[in-house]
Amino acid sequence: MDDLNRFAHDLPAKDPRITVRRAGPPDPAGTCVVYWMQRAQRGVDNPALDVAVEAANELGRPVVVFFAPVPFYPHANLRHYRFLAEGISDIAESLKRRGIGFVLRRFPEHSLVKFCEQVKPSLVVGDENPMREPESWRRKAARKLNLPFWTVDADVIVPSILLEKAQYAAHIIRPRLQAQLGRFLVPPKNARARVPWKKPEGLSSLDPKFDITRGWPLDTSVGPVASFRGGTNEALRLLQHFIEHGLSTYGTNRNRPECDGTSRLSPYLHFGHIGPLTVALAAQGADVPKDDKDAFLNQIITWRELAVNLVRFNPNYDSFDCAEPWAHRTLATHSRDERPVLYSESQLENAETHDRLWNAAQRQMVTTGWMHNYLRMYWAKKILEWSPSPAQAFEIAVRMNDKYEMDGRDPNGYAGIAWSIVGKFDRPWFERPIFGQIRYMSGASTGKKFNSKAYIQQNLFQ
Ligand SMILES: Cc1cc2nc3c(=O)[nH]c(=O)nc-3n(C[C@H](O)[C@H](O)[C@H](O)COP(=O)(O)OP(=O)(O)OC[C@H]3O[C@@H](n4cnc5c(N)ncnc54)[C@H](O)[C@@H]3O)c2cc1C
C-alpha cells in the first residue's frame with residue numbers, strides 16, 4: 001500500500017465519526033482539501049473541519065471551506081435565513097485565525113462539483129445531517145464527485161453510527177452513550193492549517209458581510225425576530241451566561257417557563273453555530289451542584305442524541321407512522337371518541353383557542369421564534385386533543401413547529417412532537433378519552449407546576 005492509500009484507509013478506520021462516501025486515495029495532483037460546510041456552520045470546535053485540517057496537514061495542502069446556501073431548504077423562511085446569514089461573518093473570522101480559506105457563494109452559484117472543478121482538491125470532507133433532504137444532497141455529491149469524499153458526524157458527541165439501530169427509550173440509549181463519553185467527550189483539536197490558503201486569481205467568493213438572502217424568492221410570511229441573533233460569538237456569549245447564571249438552578253428552573261432558566265441554545269445548535277461538544281464540556285467543567293449538571297447533560301446528550309437516532313434510523317421520523325405498535329393500537333381504539341373541542345389549523349395558528357396558557361405559548365413561538373420546553377409538550381398534546389385525528393395533529397404540529405421555531409426543522413422537534421402525540425420514547429399510561437394510553441397533560445396540573453399567570457402575562461401582548 002502506498003502512503004496515500006494508507007492515509008485514506010487509516011484516518012477513517014481509526015475515527016468512527018468519519019463515513020467514507022467515495023473511497024480512494026487523495027489525488028496527489030490536488031491543490032487543497034475542501035471542507036463542504038453545510039450543517040456545522042462554525043469555524044471552531046468543528047470535528048468535520050478538524051478532519052479536513054488533519055488531512056490537509058498530512059498531505060501538505062491548504063484547506064478551503066466551501067459554504068453555499070440555497071433558498072430551498074425545506075420549510076425554511078426568512079426568519080431562519082436571517083439567522084443563518086448572521087452567522088457567516090463569525091465563520092469567516094474563525095477560519096482566518098486558523099489559516100483556512102473561505103469561499104462563500106450562494107444559489108445559483110452553489111454547485112460543489114463546479115467549485116471542485118475550479119480548485120481541484122485532493123479530497124473533499126463534508127459534515128453529516130440525518131435529515132432526509134441534506135442526506136440526499138450528500139449522496140448526490142458522492143455520485144458526482146470524481147474524488148474521495150468523506151463526511152464527519154460533527155454535531156453529536158457520540159457518533160450516531162455507533163448506536164447501530166433505533167433506540168427505544170432514554171434509559172436504553174443512556175448507558176450506551178455513557179460508555180462512549182470517555183472517548184468522545186473531549187476537547188476538539190482546533191488545529192491550524194499548516195499551509196495557508198491563497199485564493200487563486202479570479203476565483204469568485206462573496207464578501208462574508210454580503211446579505212445572502214438579497215433578491216431570493218423566500219417565504220417572507222414569517223419575519224426575523226429580535227430575540228435571537230445568529231452566530232458563534234453570540235452562541236458562546238449565551239453559553240457563558242448560562243453556565244454562570246442558569247446551570248446551578250437548572251434542575252428546578254428548567255420546568256418553570258416564567259423564569260429564564262434554560263440555555264436558549266437550541267437555535268445555535270440547530271444551525272451548527274455551536275456544537276454539542278462545546279456546550280457539554282462547558283457544563284461538565286462548571287462548578288455547580290451535581291444534580292443540576294446531570295440534569296443538563298441528560299438533555300444535551302441523552303435526549304438530543306436520542307432524537308438524532310430517531311431521524312437516522314426511522315424513515316417516518318416526521319409523521320404519525322413513527323409510533324410504536326402499542327401507540328397505534330391505543331390511538332386507533334380511540335379514533336372515534338367524541339372531540340368536544342375542535343380547532344382548525346388557522347385558529348390554532350392565530351392563538352384563537354379558549355385556553356389562555358396554550359394561546360400564550362403559541363404567541364411566544366410565533367412572535368419570538370422559541371417556546372419553553374415544558375410548554376412545547378403541553379402545546380403538542382393539546383393539538384392532539386383538539387384535532388380530528390392523531391395523524392392530522394402530528395402534521396399540524398410539525399408544520400407550525402418547523403415554520404415558527406428558530407430551532408424548528410430539527411431532529412429534536414420531530415422527537416418532541418412524537419413523544420407528545422404518539423408516546424414515542426414514553427410508556428403506556430392510564431386509559432382516557434381521545435388519548436388512550438398516551439400520557440395526558442391538563443392545563444390545571446401544568447398550571448400548578450409553575451406560575452402560569454406570570455407566563456401568560458409575559459406573552460399577552462407578544
Ligand atoms: C413538542 C416539542 C417540540 C420541540 N421542538 C423542538 C425543535 O423544533 N427544536 C429543538 O431543538 N428542540 C425541540 N424540542 C425539544 C426542547 O423543547 C428544546 O430543545 C428546548 O426547549 C430548547 O431550549 P434550550 O436550548 O433553552 O434547552 P436547554 O434546556 O438549555 O437544553 C440544552 C439543549 O439540550 C437539548 N434538549 C433539551 N431538551 C431536549 C429535549 N426534550 N429533546 C431533545 N433535546 C433536548 C437541546 O439541544 C437544547 O438546546 C421540542 C420538544 C417538544 C416537546
# chains A, B, ... in the order shown; residues from 1 in each chain; ligands from 1
$ closest_atom_pairs --of "chain A" --to "ligand 1" --cutoff "8 Å" --atoms "only C-alpha atoms and all ligand atoms" --output "tab-separated table"
residue	atom	partner	partner_atom_place_in_ligand_line	distance
A:Tyr250	CA	ligand 1	29 (O)	7.8
A:Arg254	CA	ligand 1	29 (O)	6.1
A:Gly261	CA	ligand 1	26 (O)	7.6
A:Thr262	CA	ligand 1	30 (O)	4.0
A:Ser263	CA	ligand 1	30 (O)	3.6
A:Arg264	CA	ligand 1	26 (O)	3.2
A:Leu265	CA	ligand 1	25 (O)	3.9
A:Ser266	CA	ligand 1	49 (O)	3.4
A:Pro267	CA	ligand 1	11 (O)	6.5
A:Tyr268	CA	ligand 1	49 (O)	7.9
A:Leu269	CA	ligand 1	47 (O)	6.2
A:His270	CA	ligand 1	11 (O)	6.2
A:Pro276	CA	ligand 1	47 (O)	7.6
A:Phe296	CA	ligand 1	31 (O)	6.3
A:Leu297	CA	ligand 1	34 (O)	7.6
A:Asn298	CA	ligand 1	34 (O)	7.9
A:Gln299	CA	ligand 1	34 (O)	4.4
A:Ile300	CA	ligand 1	34 (O)	3.5
A:Ile301	CA	ligand 1	34 (O)	7.0
A:Thr302	CA	ligand 1	44 (N)	7.8
A:Trp303	CA	ligand 1	43 (C)	4.3
A:Arg304	CA	ligand 1	44 (N)	3.7
A:Glu305	CA	ligand 1	43 (C)	7.4
A:Leu306	CA	ligand 1	43 (C)	7.3
A:Ala307	CA	ligand 1	43 (C)	6.0
A:Trp370	CA	ligand 1	23 (O)	7.8
A:Met371	CA	ligand 1	21 (O)	6.7
A:His372	CA	ligand 1	21 (O)	5.1
A:Asn373	CA	ligand 1	17 (O)	3.6
A:Tyr374	CA	ligand 1	17 (O)	7.0
A:Leu375	CA	ligand 1	53 (C)	7.5
A:Arg376	CA	ligand 1	1 (C)	4.5
A:Met377	CA	ligand 1	53 (C)	3.9
A:Tyr378	CA	ligand 1	53 (C)	7.6
A:Trp379	CA	ligand 1	1 (C)	6.7
A:Ala380	CA	ligand 1	1 (C)	5.0
A:Lys381	CA	ligand 1	1 (C)	7.9
A:Ala397	CA	ligand 1	1 (C)	7.4
A:Asn401	CA	ligand 1	8 (O)	5.8
A:Asp402	CA	ligand 1	8 (O)	6.3
A:Glu405	CA	ligand 1	8 (O)	6.0
A:Met406	CA	ligand 1	8 (O)	7.5
A:Asp407	CA	ligand 1	9 (N)	4.3
A:Gly408	CA	ligand 1	8 (O)	3.5
A:Arg409	CA	ligand 1	8 (O)	5.8
A:Asp410	CA	ligand 1	9 (N)	5.1
A:Pro411	CA	ligand 1	9 (N)	6.9
A:Asn412	CA	ligand 1	12 (N)	4.3
A:Gly413	CA	ligand 1	5 (N)	3.2
A:Tyr414	CA	ligand 1	5 (N)	6.7
A:Ala415	CA	ligand 1	42 (N)	6.8
A:Gly416	CA	ligand 1	52 (C)	3.5
A:Ile417	CA	ligand 1	1 (C)	4.0
A:Ala418	CA	ligand 1	1 (C)	7.5
A:Trp419	CA	ligand 1	53 (C)	6.8
A:Ser420	CA	ligand 1	53 (C)	6.0
$ select_by_dssp --residues "segment 341-372 of chain A" --states "helix (DSSP H, G or I)" --output "JSON, numbers by chain"
{"A": [345, 346, 347, 348, 349, 356, 357, 358, 359, 360, 361, 362, 363, 364, 365, 366, 367, 368]}
$ residues_around --residues "Trp326 of chain A" --least-positions-apart "5" --cutoff "12 Å" --atoms "only C-alpha atoms" --output "ChimeraX atom specification"
/A:331-333,422-429,436-438
$ write_last_selection --atoms "all heavy atoms" --output "short mmCIF file (atom, residue, chain, number, x, y, z; two decimals), in the first residue's frame"
data_model
loop_
_atom_site.label_atom_id
_atom_site.label_comp_id
_atom_site.auth_asym_id
_atom_site.auth_seq_id
_atom_site.Cartn_x
_atom_site.Cartn_y
_atom_site.Cartn_z
N LEU A 331 -54.38 4.56 19.99
CA LEU A 331 -54.96 5.73 19.30
C LEU A 331 -56.07 5.28 18.34
O LEU A 331 -57.09 5.97 18.18
CB LEU A 331 -53.88 6.53 18.58
CG LEU A 331 -52.95 7.32 19.52
CD1 LEU A 331 -51.72 7.84 18.79
CD2 LEU A 331 -53.69 8.48 20.20
N ALA A 332 -55.89 4.10 17.72
CA ALA A 332 -56.93 3.58 16.82
C ALA A 332 -58.20 3.27 17.62
O ALA A 332 -59.32 3.59 17.19
CB ALA A 332 -56.43 2.34 16.10
N THR A 333 -58.02 2.69 18.81
CA THR A 333 -59.18 2.36 19.64
C THR A 333 -59.99 3.62 19.96
O THR A 333 -61.21 3.57 20.10
CB THR A 333 -58.69 1.71 20.97
OG1 THR A 333 -57.86 0.63 20.64
CG2 THR A 333 -59.84 1.26 21.84
N VAL A 422 -47.59 10.74 20.00
CA VAL A 422 -47.73 9.29 19.83
C VAL A 422 -46.93 8.50 20.87
O VAL A 422 -46.64 7.31 20.69
CB VAL A 422 -47.36 8.82 18.38
CG1 VAL A 422 -48.30 9.45 17.36
CG2 VAL A 422 -45.91 9.10 18.02
N GLY A 423 -46.55 9.16 21.96
CA GLY A 423 -45.92 8.45 23.07
C GLY A 423 -44.55 7.84 22.77
O GLY A 423 -44.11 6.92 23.45
N LYS A 424 -43.88 8.37 21.72
CA LYS A 424 -42.55 7.83 21.38
C LYS A 424 -41.60 8.01 22.55
O LYS A 424 -41.56 9.08 23.17
CB LYS A 424 -42.03 8.61 20.15
CG LYS A 424 -40.82 8.01 19.53
CD LYS A 424 -41.21 6.97 18.52
CE LYS A 424 -40.01 6.21 18.05
NZ LYS A 424 -40.41 5.01 17.30
N PHE A 425 -40.83 7.01 22.85
CA PHE A 425 -39.86 7.00 23.95
C PHE A 425 -40.54 7.07 25.33
O PHE A 425 -39.89 7.23 26.34
CB PHE A 425 -38.84 8.16 23.85
CG PHE A 425 -38.16 8.27 22.52
CD1 PHE A 425 -38.08 9.48 21.85
CD2 PHE A 425 -37.60 7.15 21.92
CE1 PHE A 425 -37.45 9.58 20.61
CE2 PHE A 425 -36.97 7.23 20.68
CZ PHE A 425 -36.90 8.45 20.03
N ASP A 426 -41.86 7.02 25.34
CA ASP A 426 -42.60 7.05 26.60
C ASP A 426 -43.20 5.65 26.80
O ASP A 426 -42.89 4.72 26.05
CB ASP A 426 -43.70 8.13 26.52
CG ASP A 426 -44.09 8.66 27.89
OD1 ASP A 426 -43.53 8.20 28.89
OD2 ASP A 426 -44.99 9.54 27.95
N ARG A 427 -44.08 5.50 27.77
CA ARG A 427 -44.70 4.20 28.01
C ARG A 427 -46.21 4.39 28.06
O ARG A 427 -46.68 5.52 28.16
CB ARG A 427 -44.18 3.63 29.33
CG ARG A 427 -44.56 4.48 30.52
CD ARG A 427 -44.19 3.81 31.82
NE ARG A 427 -44.37 4.69 32.96
CZ ARG A 427 -45.51 4.86 33.62
NH1 ARG A 427 -46.61 4.25 33.22
NH2 ARG A 427 -45.58 5.67 34.66
N PRO A 428 -46.98 3.30 27.99
CA PRO A 428 -48.43 3.47 28.09
C PRO A 428 -48.81 3.97 29.48
O PRO A 428 -48.25 3.53 30.47
CB PRO A 428 -48.97 2.04 27.88
CG PRO A 428 -47.84 1.23 27.33
CD PRO A 428 -46.57 1.91 27.75
N TRP A 429 -49.78 4.92 29.53
CA TRP A 429 -50.29 5.45 30.80
C TRP A 429 -51.73 4.98 30.98
O TRP A 429 -52.15 4.02 30.34
CB TRP A 429 -50.16 6.99 30.83
CG TRP A 429 -48.72 7.40 30.97
CD1 TRP A 429 -47.74 7.28 30.02
CD2 TRP A 429 -48.07 7.91 32.14
NE1 TRP A 429 -46.54 7.69 30.52
CE2 TRP A 429 -46.71 8.09 31.81
CE3 TRP A 429 -48.49 8.24 33.42
CZ2 TRP A 429 -45.77 8.57 32.73
CZ3 TRP A 429 -47.56 8.74 34.33
CH2 TRP A 429 -46.22 8.89 33.99
N GLY A 436 -56.26 7.71 24.69
CA GLY A 436 -55.99 6.31 25.00
C GLY A 436 -54.93 6.23 26.10
O GLY A 436 -55.05 6.89 27.13
N GLN A 437 -53.86 5.50 25.81
CA GLN A 437 -52.81 5.34 26.82
C GLN A 437 -51.65 6.33 26.63
O GLN A 437 -50.61 6.19 27.27
CB GLN A 437 -52.27 3.92 26.79
CG GLN A 437 -53.32 2.91 27.25
CD GLN A 437 -52.82 1.49 27.07
OE1 GLN A 437 -52.38 1.11 25.99
NE2 GLN A 437 -52.88 0.71 28.12
N ILE A 438 -51.81 7.28 25.75
CA ILE A 438 -50.77 8.32 25.58
C ILE A 438 -50.83 9.24 26.80
O ILE A 438 -51.93 9.66 27.21
CB ILE A 438 -51.02 9.15 24.29
CG1 ILE A 438 -51.10 8.25 23.05
CG2 ILE A 438 -49.98 10.26 24.14
CD1 ILE A 438 -49.84 7.56 22.66
#
$ residues_around --residues "segment 348-355 of chain A" --least-positions-apart "5" --cutoff "10 Å" --atoms "only C-alpha atoms" --output "ChimeraX atom specification"
/A:341-343,360-363,366,382-383,386,396-397,400,404,443
$ select_by_dssp --residues "segment 141-306 of chain A" --states "strand (DSSP E or B)" --output "tab-separated table (two decimals) with all heavy atoms, in the first residue's frame"
chain	number	residue	atom	x	y	z
A	149	PHE	N	-14.46	11.28	-0.98
A	149	PHE	CA	-15.39	12.17	-0.28
A	149	PHE	C	-15.76	11.51	1.05
A	149	PHE	O	-16.28	10.40	1.08
A	149	PHE	CB	-16.64	12.37	-1.16
A	149	PHE	CG	-17.76	13.16	-0.52
A	149	PHE	CD1	-17.49	14.29	0.26
A	149	PHE	CD2	-19.09	12.80	-0.73
A	149	PHE	CE1	-18.53	15.01	0.85
A	149	PHE	CE2	-20.13	13.52	-0.16
A	149	PHE	CZ	-19.84	14.62	0.64
A	150	TRP	N	-15.42	12.21	2.15
A	150	TRP	CA	-15.73	11.70	3.49
A	150	TRP	C	-16.70	12.67	4.16
A	150	TRP	O	-16.62	13.89	3.93
A	150	TRP	CB	-14.48	11.66	4.39
A	150	TRP	CG	-13.31	10.90	3.87
A	150	TRP	CD1	-13.28	10.01	2.82
A	150	TRP	CD2	-11.97	10.96	4.39
A	150	TRP	NE1	-12.02	9.53	2.66
A	150	TRP	CE2	-11.18	10.09	3.61
A	150	TRP	CE3	-11.36	11.67	5.42
A	150	TRP	CZ2	-9.82	9.91	3.84
A	150	TRP	CZ3	-10.00	11.49	5.65
A	150	TRP	CH2	-9.24	10.60	4.87
A	151	THR	N	-17.57	12.14	5.01
A	151	THR	CA	-18.37	13.04	5.85
A	151	THR	C	-18.12	12.72	7.32
A	151	THR	O	-17.78	11.58	7.66
A	151	THR	CB	-19.88	12.93	5.54
A	151	THR	OG1	-20.28	11.57	5.64
A	151	THR	CG2	-20.20	13.47	4.17
A	152	VAL	N	-18.30	13.73	8.16
A	152	VAL	CA	-17.97	13.60	9.58
A	152	VAL	C	-19.21	13.96	10.41
A	152	VAL	O	-19.85	15.00	10.17
A	152	VAL	CB	-16.80	14.54	9.95
A	152	VAL	CG1	-16.43	14.38	11.43
A	152	VAL	CG2	-15.59	14.28	9.07
$ atom_distance --atom1 "atom CA of Thr368 of chain A" --atom2 "atom CA of Ala226 of chain A"
7.5 Å
$ closest_residue --among "A:Phe67, A:Phe7, A:Phe435, A:Phe72" --to "Val34 of chain A" --atoms "only C-alpha atoms"
A:Phe67
$ closest_atom_pairs --of "segment 265-369 of chain A" --to "segment 185-198 of chain A" --cutoff "9 Å" --atoms "only C-alpha atoms" --output "JSON lines"
{"residue": "A:Leu277", "atom": "CA", "partner": "A:Leu185", "partner_atom": "CA", "distance": 6.5}
{"residue": "A:Thr278", "atom": "CA", "partner": "A:Pro187", "partner_atom": "CA", "distance": 7.7}
{"residue": "A:Ala280", "atom": "CA", "partner": "A:Leu185", "partner_atom": "CA", "distance": 7.8}
{"residue": "A:Leu281", "atom": "CA", "partner": "A:Leu185", "partner_atom": "CA", "distance": 7.0}
$ residues_around --residues "Val70 of chain A" --least-positions-apart "3" --cutoff "8 Å" --atoms "only C-alpha atoms" --output "list in words"
Tyr73, Arg106, Phe107, Pro108 and His110 of chain A
$ residues_around --residues "Gly60 of chain A" --least-positions-apart "3" --cutoff "10 Å" --atoms "only C-alpha atoms" --output "PyMOL selection string"
chain A and resi 31-33+54-57+63+193-195
$ write_last_selection --atoms "C-alpha atoms" --output "mmCIF file, in the first residue's frame"
data_model
loop_
_atom_site.group_PDB
_atom_site.id
_atom_site.type_symbol
_atom_site.label_atom_id
_atom_site.label_comp_id
_atom_site.auth_asym_id
_atom_site.auth_seq_id
_atom_site.Cartn_x
_atom_site.Cartn_y
_atom_site.Cartn_z
ATOM 1 C CA THR A 31 -4.141 21.651 -4.778
ATOM 2 C CA CYS A 32 -6.087 21.648 -1.477
ATOM 3 C CA VAL A 33 -8.581 19.883 0.790
ATOM 4 C CA GLU A 54 -5.677 16.968 9.747
ATOM 5 C CA ALA A 55 -5.891 15.522 6.240
ATOM 6 C CA ALA A 56 -4.589 18.713 4.625
ATOM 7 C CA ASN A 57 -1.671 18.948 7.070
ATOM 8 C CA VAL A 63 -7.762 23.820 3.429
ATOM 9 C CA ALA A 193 -3.756 24.696 8.832
ATOM 10 C CA ARG A 194 -0.017 24.286 8.252
ATOM 11 C CA VAL A 195 -0.202 25.506 4.657
#
$ closest_residue --among "A:Pro257, A:Pro340, A:Gly369, A:Pro121" --to "Lys453 of chain A" --atoms "only C-alpha atoms"
A:Pro257
$ atom_distance --atom1 "atom CA of Pro315 of chain A" --atom2 "atom CA of Ala154 of chain A"
21.1 Å
$ atom_distance --atom1 "atom CA of Arg339 of chain A" --atom2 "atom CA of Glu431 of chain A"
15.7 Å
$ closest_residue --among "A:Pro74, A:Pro390, A:Leu239, A:Pro25" --to "Arg329 of chain A" --atoms "only C-alpha atoms"
A:Pro390
$ residues_around --residues "Thr252 of chain A" --least-positions-apart "5" --cutoff "10 Å" --atoms "only C-alpha atoms" --output "PDB file with N, CA, C and O atoms, in the first residue's frame"
ATOM      1  N   GLY A 261     -34.789  30.029  32.753  1.00  0.00           N
ATOM      2  CA  GLY A 261     -33.968  29.012  33.406  1.00  0.00           C
ATOM      3  C   GLY A 261     -33.209  28.058  32.495  1.00  0.00           C
ATOM      4  O   GLY A 261     -32.492  27.188  32.985  1.00  0.00           O
ATOM      5  N   ASP A 291     -26.544  17.546  40.735  1.00  0.00           N
ATOM      6  CA  ASP A 291     -27.875  17.245  40.185  1.00  0.00           C
ATOM      7  C   ASP A 291     -28.223  18.168  39.024  1.00  0.00           C
ATOM      8  O   ASP A 291     -28.849  17.751  38.048  1.00  0.00           O
ATOM      9  N   ASP A 292     -27.846  19.447  39.171  1.00  0.00           N
ATOM     10  CA  ASP A 292     -28.152  20.397  38.093  1.00  0.00           C
ATOM     11  C   ASP A 292     -27.328  20.078  36.848  1.00  0.00           C
ATOM     12  O   ASP A 292     -27.823  20.114  35.727  1.00  0.00           O
ATOM     13  N   ALA A 295     -28.691  16.977  35.221  1.00  0.00           N
ATOM     14  CA  ALA A 295     -29.975  17.222  34.540  1.00  0.00           C
ATOM     15  C   ALA A 295     -29.720  17.864  33.177  1.00  0.00           C
ATOM     16  O   ALA A 295     -30.350  17.509  32.172  1.00  0.00           O
TER      17      ALA A 295
END
